[in-house]
>>> print(open('protein-v3.pdb').read())   # PDB, C-alpha atoms
ATOM      1  CA  MET A 390      -1.821  16.051  59.142
ATOM      2  CA  GLU A 391      -4.718  16.053  56.716
ATOM      3  CA  TYR A 392      -7.482  13.476  56.997
ATOM      4  CA  THR A 393     -10.135  12.112  54.707
ATOM      5  CA  ARG A 394     -13.030   9.684  55.036
ATOM      6  CA  LEU A 395     -12.432   5.990  54.555
ATOM      7  CA  GLY A 396     -14.779   5.157  51.704
ATOM      8  CA  LYS A 397     -18.382   5.766  52.712
ATOM      9  CA  THR A 398     -17.689   5.265  56.423
ATOM     10  CA  SER A 399     -17.376   7.883  59.139
ATOM     11  CA  LEU A 400     -13.769   6.890  59.864
ATOM     12  CA  LYS A 401     -11.086   9.510  59.317
ATOM     13  CA  VAL A 402      -7.809   8.265  57.860
ATOM     14  CA  SER A 403      -4.614  10.234  57.380
ATOM     15  CA  ARG A 404      -4.151  11.471  53.808
ATOM     16  CA  ILE A 405      -0.858   9.615  53.705
ATOM     17  CA  GLY A 406      -0.448   6.101  55.075
ATOM     18  CA  VAL A 407       2.422   3.687  55.588
ATOM     19  CA  GLY A 408       2.807   0.442  53.688
ATOM     20  CA  ALA A 409       4.548  -2.383  55.539
ATOM     21  CA  TRP A 410       5.833  -4.575  52.701
ATOM     22  CA  GLN A 411       9.327  -3.364  53.600
ATOM     23  CA  PHE A 412       9.153  -5.345  56.860
ATOM     24  CA  SER A 413      10.140  -8.533  55.047
ATOM     25  CA  GLU A 414      13.067 -10.305  53.460
ATOM     26  CA  ASP A 415      11.987  -8.861  50.089
ATOM     27  CA  TRP A 416      13.123  -5.383  51.113
ATOM     28  CA  GLY A 417      15.565  -6.371  53.839
ATOM     29  CA  LEU A 418      14.105  -4.572  56.846
ATOM     30  CA  THR A 419      13.636  -7.427  59.302
ATOM     31  CA  GLU A 420      15.221  -5.915  62.425
ATOM     32  CA  TYR A 421      12.305  -5.379  64.811
ATOM     33  CA  GLN A 422      13.577  -2.289  66.632
ATOM     34  CA  GLU A 423      14.253  -0.449  63.366
ATOM     35  CA  ALA A 424      10.752  -1.270  62.159
ATOM     36  CA  LYS A 425       9.219  -0.268  65.485
ATOM     37  CA  ASP A 426      10.982   3.104  65.322
ATOM     38  CA  ILE A 427       9.440   3.715  61.897
ATOM     39  CA  ILE A 428       5.934   2.818  63.083
ATOM     40  CA  SER A 429       6.350   4.844  66.279
ATOM     41  CA  ARG A 430       7.459   7.922  64.339
ATOM     42  CA  ALA A 431       4.509   7.562  61.985
ATOM     43  CA  VAL A 432       2.108   7.484  64.931
ATOM     44  CA  GLU A 433       3.846  10.503  66.528
ATOM     45  CA  LEU A 434       3.291  12.404  63.289
ATOM     46  CA  ASP A 435      -0.432  11.519  63.286
ATOM     47  CA  ILE A 436      -0.423   8.861  60.564
ATOM     48  CA  ASN A 437      -3.193   6.437  61.493
ATOM     49  CA  PHE A 438      -3.467   4.309  58.322
ATOM     50  CA  PHE A 439      -1.224   1.242  57.953
ATOM     51  CA  ASP A 440      -1.249  -1.489  55.325
ATOM     52  CA  THR A 441       0.243  -4.981  55.366
ATOM     53  CA  ALA A 442      -0.502  -8.421  53.899
ATOM     54  CA  MET A 443      -0.394 -12.078  54.813
ATOM     55  CA  VAL A 444       2.238 -12.778  52.154
ATOM     56  CA  TYR A 445       4.671 -10.047  53.241
ATOM     57  CA  GLY A 446       7.447 -12.038  54.835
ATOM     58  CA  GLY A 447       5.067 -14.938  55.376
ATOM     59  CA  GLY A 448       3.429 -13.094  58.284
ATOM     60  CA  LEU A 449       6.540 -11.231  59.476
ATOM     61  CA  SER A 450       5.200  -7.848  58.357
ATOM     62  CA  GLU A 451       1.866  -8.390  60.127
ATOM     63  CA  ASN A 452       3.657  -9.517  63.277
ATOM     64  CA  ILE A 453       6.023  -6.539  63.336
ATOM     65  CA  LEU A 454       3.252  -4.034  62.665
ATOM     66  CA  GLY A 455       0.831  -5.404  65.238
ATOM     67  CA  ARG A 456       3.494  -5.946  67.903
ATOM     68  CA  ALA A 457       4.854  -2.436  67.465
ATOM     69  CA  LEU A 458       1.420  -0.794  67.641
ATOM     70  CA  ASN A 459       0.682  -2.724  70.833
ATOM     71  CA  GLU A 460       4.015  -1.866  72.448
ATOM     72  CA  ILE A 461       3.720   1.798  71.529
ATOM     73  CA  GLY A 462       0.464   1.802  73.459
ATOM     74  CA  VAL A 463      -1.808   3.076  70.701
ATOM     75  CA  LYS A 464      -5.492   2.599  71.461
ATOM     76  CA  ARG A 465      -7.020   0.107  69.053
ATOM     77  CA  ASP A 466      -9.592   2.542  67.678
ATOM     78  CA  GLN A 467      -6.913   5.166  66.962
ATOM     79  CA  VAL A 468      -5.351   3.264  64.062
ATOM     80  CA  ILE A 469      -6.801   1.728  60.909
ATOM     81  CA  VAL A 470      -4.966  -1.377  59.733
ATOM     82  CA  SER A 471      -5.603  -3.050  56.414
ATOM     83  CA  THR A 472      -4.271  -6.469  55.520
ATOM     84  CA  LYS A 473      -4.667  -8.612  52.444
ATOM     85  CA  ILE A 474      -5.541 -12.242  51.802
ATOM     86  CA  PRO A 475      -3.908 -13.747  48.686
ATOM     87  CA  GLY A 476      -5.997 -15.036  45.809
ATOM     88  CA  GLU A 477      -4.908 -18.610  46.512
ATOM     89  CA  PHE A 478      -6.676 -18.433  49.903
ATOM     90  CA  LEU A 479     -10.035 -17.300  48.575
ATOM     91  CA  ASN A 480     -12.006 -20.471  48.990
ATOM     92  CA  PRO A 481     -14.273 -19.990  52.022
ATOM     93  CA  GLU A 482     -12.574 -22.479  54.344
ATOM     94  CA  ASP A 483      -9.163 -20.928  53.675
ATOM     95  CA  ILE A 484     -10.616 -17.471  54.215
ATOM     96  CA  TYR A 485     -11.890 -18.271  57.693
ATOM     97  CA  LYS A 486      -8.721 -20.055  58.790
ATOM     98  CA  SER A 487      -6.248 -17.569  57.351
ATOM     99  CA  VAL A 488      -8.068 -14.470  58.604
ATOM    100  CA  ASN A 489      -8.292 -15.952  62.098
ATOM    101  CA  LYS A 490      -4.541 -16.632  61.935
ATOM    102  CA  SER A 491      -3.873 -13.128  60.628
ATOM    103  CA  ILE A 492      -5.706 -11.595  63.600
ATOM    104  CA  GLU A 493      -3.639 -13.784  65.906
ATOM    105  CA  ILE A 494      -0.371 -12.711  64.251
ATOM    106  CA  LEU A 495      -1.343  -9.030  64.274
ATOM    107  CA  GLY A 496      -2.518  -9.232  67.874
ATOM    108  CA  LEU A 497      -5.015  -6.436  67.239
ATOM    109  CA  LYS A 498      -8.313  -8.255  68.032
ATOM    110  CA  TYR A 499      -9.871  -7.466  64.650
ATOM    111  CA  ILE A 500      -8.963  -6.277  61.161
ATOM    112  CA  ASP A 501     -10.132  -2.828  60.114
ATOM    113  CA  VAL A 502     -10.018  -3.484  56.356
ATOM    114  CA  LEU A 503      -9.628  -6.919  54.767
ATOM    115  CA  LEU A 504      -8.697  -6.862  51.083
ATOM    116  CA  ALA A 505      -8.485  -9.688  48.597
ATOM    117  CA  HIS A 506      -4.895  -9.277  47.417
ATOM    118  CA  TRP A 507      -5.462 -10.375  43.821
ATOM    119  CA  PRO A 508      -8.122 -12.393  41.963
ATOM    120  CA  PRO A 509      -8.011 -16.196  42.317
ATOM    121  CA  CYS A 510      -7.187 -16.594  38.641
ATOM    122  CA  TRP A 511      -5.288 -19.862  39.105
ATOM    123  CA  HIS A 512      -7.916 -21.584  41.244
ATOM    124  CA  ASN A 513     -11.188 -20.394  39.724
ATOM    125  CA  TYR A 514     -13.054 -19.735  42.969
ATOM    126  CA  PRO A 515     -16.375 -18.061  42.065
ATOM    127  CA  THR A 516     -16.485 -14.406  42.993
ATOM    128  CA  TYR A 517     -19.754 -14.677  44.904
ATOM    129  CA  LYS A 518     -18.308 -17.458  47.069
ATOM    130  CA  TYR A 519     -15.388 -15.485  48.455
ATOM    131  CA  ALA A 520     -17.368 -12.234  48.553
ATOM    132  CA  ARG A 521     -20.001 -13.823  50.802
ATOM    133  CA  ALA A 522     -17.374 -15.500  52.969
ATOM    134  CA  MET A 523     -15.574 -12.202  53.501
ATOM    135  CA  GLU A 524     -18.887 -10.498  54.267
ATOM    136  CA  LYS A 525     -19.601 -13.090  56.967
ATOM    137  CA  LEU A 526     -16.416 -12.005  58.721
ATOM    138  CA  VAL A 527     -17.803  -8.469  58.794
ATOM    139  CA  ASN A 528     -21.126  -9.697  60.150
ATOM    140  CA  ILE A 529     -19.501 -11.558  63.043
ATOM    141  CA  GLY A 530     -17.106  -8.709  63.898
ATOM    142  CA  LEU A 531     -13.669 -10.064  62.956
ATOM    143  CA  VAL A 532     -13.423  -7.550  60.084
ATOM    144  CA  ASN A 533     -14.885  -4.054  59.853
ATOM    145  CA  TYR A 534     -14.661  -3.241  56.145
ATOM    146  CA  LEU A 535     -13.817  -4.906  52.838
ATOM    147  CA  GLY A 536     -11.574  -4.012  49.944
ATOM    148  CA  LEU A 537      -9.942  -5.333  46.788
ATOM    149  CA  SER A 538      -6.345  -5.056  45.681
ATOM    150  CA  ASP A 539      -5.339  -5.256  42.010
ATOM    151  CA  PHE A 540      -8.820  -6.159  40.747
ATOM    152  CA  PRO A 541     -10.364  -4.859  37.504
ATOM    153  CA  VAL A 542     -13.646  -2.949  37.575
ATOM    154  CA  GLU A 543     -15.574  -5.907  36.139
ATOM    155  CA  LEU A 544     -14.609  -8.167  39.053
ATOM    156  CA  ALA A 545     -15.212  -5.373  41.538
ATOM    157  CA  GLU A 546     -18.760  -5.031  40.194
ATOM    158  CA  SER A 547     -19.297  -8.778  40.496
ATOM    159  CA  PHE A 548     -17.921  -8.744  44.048
ATOM    160  CA  ARG A 549     -20.151  -5.849  45.110
ATOM    161  CA  SER A 550     -23.252  -7.417  43.585
ATOM    162  CA  SER A 551     -22.649 -10.520  45.721
ATOM    163  CA  LEU A 552     -22.746  -8.576  48.988
ATOM    164  CA  ALA A 553     -25.947  -8.255  50.982
ATOM    165  CA  SER A 554     -25.201  -6.015  53.959
ATOM    166  CA  THR A 555     -21.911  -4.233  53.298
ATOM    167  CA  ASP A 556     -19.955  -2.702  50.406
ATOM    168  CA  LEU A 557     -16.430  -2.129  49.191
ATOM    169  CA  GLU A 558     -14.691   0.741  50.932
ATOM    170  CA  VAL A 559     -11.115   0.376  49.649
ATOM    171  CA  PHE A 560      -9.329  -0.292  46.375
ATOM    172  CA  GLN A 561      -5.597  -0.860  46.429
ATOM    173  CA  ILE A 562      -4.058   0.118  43.088
ATOM    174  CA  ARG A 563      -0.576   0.610  41.659
ATOM    175  CA  TYR A 564      -0.578   4.328  40.947
ATOM    176  CA  ASN A 565       2.109   6.977  40.696
ATOM    177  CA  LEU A 566       3.216   9.875  38.526
ATOM    178  CA  LEU A 567       4.869   7.486  36.056
ATOM    179  CA  GLU A 568       2.319   4.633  36.002
ATOM    180  CA  ARG A 569      -1.134   6.069  35.463
ATOM    181  CA  TRP A 570      -3.228   3.383  33.804
ATOM    182  CA  ALA A 571      -5.460   3.338  36.907
ATOM    183  CA  GLU A 572      -6.851   6.706  35.783
ATOM    184  CA  GLU A 573      -8.557   5.089  32.800
ATOM    185  CA  GLU A 574     -11.155   3.039  34.727
ATOM    186  CA  LEU A 575     -10.312   2.283  38.345
ATOM    187  CA  ILE A 576      -9.963   5.736  39.837
ATOM    188  CA  PRO A 577     -13.068   7.196  38.122
ATOM    189  CA  TYR A 578     -15.003   4.162  39.357
ATOM    190  CA  ALA A 579     -13.680   4.665  42.887
ATOM    191  CA  GLU A 580     -14.588   8.358  42.814
ATOM    192  CA  LYS A 581     -18.100   7.600  41.593
ATOM    193  CA  CYS A 582     -18.659   4.900  44.230
ATOM    194  CA  LYS A 583     -16.867   6.745  47.069
ATOM    195  CA  ILE A 584     -14.193   4.083  47.483
ATOM    196  CA  THR A 585     -10.837   5.040  49.019
ATOM    197  CA  VAL A 586      -7.862   4.268  46.773
ATOM    198  CA  GLN A 587      -4.754   3.090  48.579
ATOM    199  CA  ALA A 588      -2.073   3.963  46.041
ATOM    200  CA  TRP A 589       0.674   1.384  46.286
ATOM    201  CA  SER A 590       4.097   2.051  44.778
ATOM    202  CA  PRO A 591       3.229   5.782  44.909
ATOM    203  CA  ILE A 592       6.882   6.756  44.422
ATOM    204  CA  ALA A 593       7.490   4.094  41.738
ATOM    205  CA  LYS A 594       9.733   1.871  43.884
ATOM    206  CA  GLY A 595      11.942   4.877  44.652
ATOM    207  CA  ALA A 596      12.306   6.147  41.078
ATOM    208  CA  LEU A 597      10.608   9.431  42.053
ATOM    209  CA  THR A 598      12.846  10.169  45.038
ATOM    210  CA  GLY A 599      15.545  11.767  42.879
ATOM    211  CA  LYS A 600      18.093   9.297  44.228
ATOM    212  CA  TYR A 601      18.620   7.519  40.910
ATOM    213  CA  THR A 602      20.016   8.837  37.630
ATOM    214  CA  PRO A 603      20.621   7.215  34.230
ATOM    215  CA  GLU A 604      24.229   6.694  35.362
ATOM    216  CA  ASN A 605      23.282   5.430  38.838
ATOM    217  CA  LEU A 606      20.561   2.793  38.626
ATOM    218  CA  PRO A 607      19.887   0.051  41.216
ATOM    219  CA  LYS A 608      22.581  -2.596  41.370
ATOM    220  CA  PHE A 609      21.945  -6.210  40.508
ATOM    221  CA  GLU A 610      21.521  -7.308  44.135
ATOM    222  CA  ASP A 611      18.870  -4.621  44.772
ATOM    223  CA  VAL A 612      15.272  -5.877  44.491
ATOM    224  CA  ARG A 613      14.548  -2.813  42.341
ATOM    225  CA  ALA A 614      16.983  -3.900  39.643
ATOM    226  CA  GLY A 615      14.405  -6.248  38.146
ATOM    227  CA  GLU A 616      11.764  -3.524  37.881
ATOM    228  CA  PRO A 617      11.144  -2.456  34.258
ATOM    229  CA  ILE A 618      10.961   1.167  35.376
ATOM    230  CA  PHE A 619      14.700   1.017  36.141
ATOM    231  CA  HIS A 620      15.656  -0.520  32.815
ATOM    232  CA  PRO A 621      17.928   2.050  31.085
ATOM    233  CA  ASP A 622      15.558   2.448  28.130
ATOM    234  CA  ASN A 623      12.561   3.150  30.378
ATOM    235  CA  PHE A 624      14.519   5.301  32.805
ATOM    236  CA  SER A 625      15.739   7.531  29.988
ATOM    237  CA  ARG A 626      12.065   8.207  29.172
ATOM    238  CA  ILE A 627      11.223   9.230  32.732
ATOM    239  CA  TRP A 628      14.350  11.323  33.306
ATOM    240  CA  PRO A 629      12.663  14.631  32.314
ATOM    241  CA  ILE A 630      10.135  14.032  35.109
ATOM    242  CA  ILE A 631      12.922  13.515  37.650
ATOM    243  CA  VAL A 632      14.581  16.735  36.491
ATOM    244  CA  LYS A 633      11.285  18.631  36.860
ATOM    245  CA  LEU A 634      10.710  17.194  40.349
ATOM    246  CA  ARG A 635      14.150  18.428  41.348
ATOM    247  CA  GLU A 636      13.360  21.899  39.993
ATOM    248  CA  LEU A 637      10.051  22.043  41.858
ATOM    249  CA  SER A 638      11.646  20.771  45.051
ATOM    250  CA  GLU A 639      13.914  23.835  45.019
ATOM    251  CA  LYS A 640      10.972  26.127  44.289
ATOM    252  CA  TYR A 641       8.838  24.808  47.161
ATOM    253  CA  GLY A 642      11.595  23.910  49.614
ATOM    254  CA  LYS A 643      10.508  20.280  49.442
ATOM    255  CA  LYS A 644      12.106  17.017  48.348
ATOM    256  CA  PRO A 645      11.299  15.398  44.985
ATOM    257  CA  VAL A 646       9.426  12.601  46.751
ATOM    258  CA  GLN A 647       7.195  15.167  48.461
ATOM    259  CA  ILE A 648       6.386  16.835  45.152
ATOM    260  CA  ALA A 649       5.508  13.458  43.609
ATOM    261  CA  LEU A 650       3.214  12.503  46.498
ATOM    262  CA  ASN A 651       1.592  15.934  46.559
ATOM    263  CA  TRP A 652       0.799  15.561  42.854
ATOM    264  CA  LEU A 653      -1.019  12.287  43.583
ATOM    265  CA  ILE A 654      -3.022  13.801  46.414
ATOM    266  CA  MET A 655      -4.034  16.745  44.247
ATOM    267  CA  SER A 656      -5.041  14.466  41.377
ATOM    268  CA  SER A 657      -7.957  12.754  43.120
ATOM    269  CA  PRO A 658      -9.863  13.294  46.381
ATOM    270  CA  VAL A 659     -10.073   9.535  47.019
ATOM    271  CA  VAL A 660      -6.353   8.743  46.702
ATOM    272  CA  VAL A 661      -4.360   7.926  49.846
ATOM    273  CA  PRO A 662      -0.750   6.997  49.030
ATOM    274  CA  ILE A 663       0.798   4.240  51.167
ATOM    275  CA  PRO A 664       4.569   4.473  50.616
ATOM    276  CA  GLY A 665       6.916   2.182  52.498
ATOM    277  CA  ALA A 666       9.598   3.648  54.757
ATOM    278  CA  LYS A 667      12.965   2.119  55.623
ATOM    279  CA  ASN A 668      13.879   4.735  58.241
ATOM    280  CA  THR A 669      12.250   7.464  60.311
ATOM    281  CA  GLN A 670      13.518  10.256  58.044
ATOM    282  CA  GLN A 671      11.500   8.819  55.191
ATOM    283  CA  VAL A 672       8.377   8.852  57.375
ATOM    284  CA  GLU A 673       8.983  12.537  58.092
ATOM    285  CA  ASP A 674       9.419  13.171  54.377
ATOM    286  CA  PHE A 675       6.100  11.483  53.623
ATOM    287  CA  VAL A 676       4.266  13.564  56.218
ATOM    288  CA  ASP A 677       5.678  16.759  54.694
ATOM    289  CA  SER A 678       4.056  15.858  51.382
ATOM    290  CA  VAL A 679       0.647  16.858  52.795
ATOM    291  CA  GLY A 680      -0.652  20.051  54.351
ATOM    292  CA  TRP A 681       0.210  22.186  51.318
ATOM    293  CA  ARG A 682      -0.477  22.270  47.583
ATOM    294  CA  MET A 683       1.686  23.136  44.603
ATOM    295  CA  SER A 684       0.250  25.603  42.113
ATOM    296  CA  TYR A 685      -2.093  24.437  39.390
ATOM    297  CA  GLU A 686       0.477  25.454  36.780
ATOM    298  CA  ASP A 687       3.142  23.206  38.321
ATOM    299  CA  TRP A 688       0.688  20.343  38.760
ATOM    300  CA  ALA A 689      -0.358  20.707  35.116
ATOM    301  CA  GLU A 690       3.236  20.719  33.884
ATOM    302  CA  LEU A 691       3.882  17.427  35.681
ATOM    303  CA  GLU A 692       0.605  16.120  34.276
ATOM    304  CA  GLU A 693       1.665  16.996  30.745
ATOM    305  CA  LEU A 694       5.183  15.568  31.096
ATOM    306  CA  SER A 695       4.006  12.322  32.662
ATOM    307  CA  SER A 696       1.232  11.824  30.104
ATOM    308  CA  ARG A 697       3.923  11.213  27.485
ATOM    309  CA  ILE A 698       5.431   8.302  29.399
ATOM    310  CA  ASN A 699       4.605   4.666  28.772
ATOM    311  CA  ILE A 700       6.628   2.202  30.844
ATOM    312  CA  LEU A 701       7.205  -0.945  28.781
ATOM    313  CA  GLN A 702       6.872  -4.013  30.989
ATOM    314  CA  SER A 703       8.178  -6.402  28.329
ATOM    315  CA  ILE A 704      11.422  -4.545  27.874
ATOM    316  CA  PHE A 705      13.739  -7.161  29.405
ATOM    317  CA  TYR A 706      12.207  -9.859  27.222
ATOM    318  CA  LEU A 707      12.332  -7.779  24.073
ATOM    319  CA  ARG A 708      15.931  -6.777  24.605
ATOM    320  CA  TYR A 709      17.544 -10.013  25.739
ATOM    321  CA  ARG A 710      15.624 -12.854  24.076
ATOM    322  CA  LYS A 711      17.345 -13.766  20.816
ATOM    323  CA  PHE A 712      15.436 -16.483  18.999
TER
END
>>> encode(input="protein-v3.pdb", output="structure tokens")
Amino acid sequence: MEYTRLGKTSLKVSRIGVGAWQFSEDWGLTEYQEAKDIISRAVELDINFFDTAMVYGGGLSENILGRALNEIGVKRDQVIVSTKIPGEFLNPEDIYKSVNKSIEILGLKYIDVLLAHWPPCWHNYPTYKYARAMEKLVNIGLVNYLGLSDFPVELAESFRSSLASTDLEVFQIRYNLLERWAEEELIPYAEKCKITVQAWSPIAKGALTGKYTPENLPKFEDVRAGEPIFHPDNFSRIWPIIVKLRELSEKYGKKPVQIALNWLIMSSPVVVPIPGAKNTQQVEDFVDSVGWRMSYEDWAELEELSSRINILQSIFYLRYRKF
């Protein structure tokens, strides 16, 4: 396993983490023993970075993750767990109550990294108010480090300027080979400020695994079916990338998903992908995406192919609304 520093801290985190959104009704993995096996295998393979959120399964994901880590017998300081507080909870009183409840549900005594999950755009809580409240949790020892998920640079700057004794150490950003808007502002900012980027959806909700083809897209009942990336018009645009990943997987003796994750890791020193796993084989696949590097020429070819892609988010609306 490769490791990197968490932000500006001295902590070492695995270069690939595990996201725990899948431990919820959204993704259908709610059987505890199956989830525990996934977490246990990740720990066996030296992954020490796990991410969850209060809204994933209404606390189910946090409960499964914390319970499993405790039952496996991992020492508390051997794993780094991040969780996220939704924007609706970012008034100070809600912050204190919900974080205390989150620690109780996790059963891990403290939270390593607390991230605001998204800005409180519907409730208009001032940035300095929730920044200071979150910093207080660091000062009293319930939280070790702070982060932001799905925030623009402008709000990140405002948040950081409100802090007195700590700083941001983590950004969580949607980032993968097909969706690269984060490279315009967020990732350069993170590199400059030495902030770790947890790349969520690093395999584009499974589009980069090679499992899907233009003739075999997610069925209606699959949560992925509503993702614009799987709309036939968008998927036809990304198909050349899938074909190239398959070619490179044969060249390197790897799977397409491992090529896609390796590309991310090569693209920035601060990026730590946090894919979700639905079985232990997928965990093993994720681990085999690190510890090696594709050639610059192959990385550059993927860079060039993916730079042509623009996933249209409005595509369902534009296609089906007839007014």
>>> residues_around(input="protein-v3.pdb", residues="segment 513-517 of chain A", least_positions_apart="5", cutoff="7 Å", atoms="all atoms listed in the file", output="list in words")
Leu479, Asn480, Ser547, Phe548 and Ser551 of chain A
>>> closest_atom_pairs(input="protein-v3.pdb", of="segment 469-580 of chain A", to="segment 438-450 of chain A", cutoff="12 Å", atoms="all atoms listed in the file", output="tab-separated table")
residue	atom	partner	partner_atom	distance
A:Ile469	CA	A:Phe438	CA	4.9
A:Val470	CA	A:Phe439	CA	4.9
A:Ser471	CA	A:Asp440	CA	4.8
A:Thr472	CA	A:Ala442	CA	4.5
A:Lys473	CA	A:Ala442	CA	4.4
A:Ile474	CA	A:Met443	CA	6.0
A:Pro475	CA	A:Val444	CA	7.1
A:Gly476	CA	A:Val444	CA	10.6
A:Glu477	CA	A:Val444	CA	10.8
A:Phe478	CA	A:Met443	CA	10.2
A:Ile484	CA	A:Met443	CA	11.6
A:Ser487	CA	A:Met443	CA	8.4
A:Val488	CA	A:Met443	CA	8.9
A:Asn489	CA	A:Met443	CA	11.4
A:Lys490	CA	A:Met443	CA	9.4
A:Ser491	CA	A:Met443	CA	6.9
A:Ile492	CA	A:Met443	CA	10.3
A:Glu493	CA	A:Gly448	CA	10.4
A:Ile494	CA	A:Gly448	CA	7.1
A:Leu495	CA	A:Gly448	CA	8.7
A:Gly496	CA	A:Gly448	CA	11.9
A:Ile500	CA	A:Asp440	CA	10.8
A:Asp501	CA	A:Phe438	CA	9.9
A:Val502	CA	A:Asp440	CA	9.1
A:Leu503	CA	A:Ala442	CA	9.3
A:Leu504	CA	A:Ala442	CA	8.8
A:Ala505	CA	A:Ala442	CA	9.7
A:His506	CA	A:Ala442	CA	7.9
A:Trp507	CA	A:Ala442	CA	11.4
A:Gly536	CA	A:Asp440	CA	11.9
A:Ser538	CA	A:Ala442	CA	10.6
A:Val559	CA	A:Asp440	CA	11.5
A:Gln561	CA	A:Asp440	CA	9.9
>>> resolve_selection(input="protein-v3.pdb", expression="the PyMOL selection byres ((chain A and resi 541) around 10)", output="ChimeraX atom specification")
/A:507-508,537-540,542-546,562,571,574-575
>>> resolve_selection(input="protein-v3.pdb", expression="the PyMOL selection byres ((chain A and resi 393) around 8)", output="ChimeraX atom specification")
/A:391-392,394-395,401-404
>>> closest_residue(input="protein-v3.pdb", among="A:Lys594, A:Lys464, A:Lys498, A:Arg549", to="Leu566 of chain A", atoms="all atoms listed in the file")
A:Lys594
>>> residues_around(input="protein-v3.pdb", residues="Asn699 of chain A", least_positions_apart="2", cutoff="9 Å", atoms="all atoms listed in the file", output="PyMOL selection string")
chain A and resi 567-569+623+626-627+695-697+701
>>> closest_residue(input="protein-v3.pdb", among="A:Ile654, A:Cys510, A:Leu694, A:Leu535", to="Ile584 of chain A", atoms="only C-alpha atoms")
A:Leu535
>>> resolve_selection(input="protein-v3.pdb", expression="the PyMOL selection byres ((chain A and resi 621) around 12)", output="VMD selection string")
chain A and resid 601 to 607 614 to 620 622 to 628 700 to 701 704 to 705 708
>>> residues_around(input="protein-v3.pdb", residues="segment 676-692 of chain A", least_positions_apart="3", cutoff="7 Å", atoms="only C-alpha atoms", output="PDB file with C-alpha atoms, in the coordinates of the input")
ATOM      1  CA  MET A 390      -1.821  16.051  59.142  1.00  0.00           C
ATOM      2  CA  GLU A 391      -4.718  16.053  56.716  1.00  0.00           C
ATOM      3  CA  ILE A 405      -0.858   9.615  53.705  1.00  0.00           C
ATOM      4  CA  GLN A 647       7.195  15.167  48.461  1.00  0.00           C
ATOM      5  CA  ILE A 648       6.386  16.835  45.152  1.00  0.00           C
ATOM      6  CA  LEU A 650       3.214  12.503  46.498  1.00  0.00           C
ATOM      7  CA  ASN A 651       1.592  15.934  46.559  1.00  0.00           C
ATOM      8  CA  TRP A 652       0.799  15.561  42.854  1.00  0.00           C
ATOM      9  CA  VAL A 672       8.377   8.852  57.375  1.00  0.00           C
ATOM     10  CA  GLU A 673       8.983  12.537  58.092  1.00  0.00           C
ATOM     11  CA  SER A 695       4.006  12.322  32.662  1.00  0.00           C
ATOM     12  CA  SER A 696       1.232  11.824  30.104  1.00  0.00           C
TER      13      SER A 696
END
>>> atom_distance(input="protein-v3.pdb", atom1="atom CA of Phe412 of chain A", atom2="atom CA of Val646 of chain A")
20.6 Å
>>> atom_distance(input="protein-v3.pdb", atom1="atom CA of Gln702 of chain A", atom2="atom CA of Lys581 of chain A")
29.5 Å
>>> closest_residue(input="protein-v3.pdb", among="A:Gly599, A:Thr398, A:Asn452, A:Ala579", to="Ser413 of chain A", atoms="only C-alpha atoms")
A:Asn452
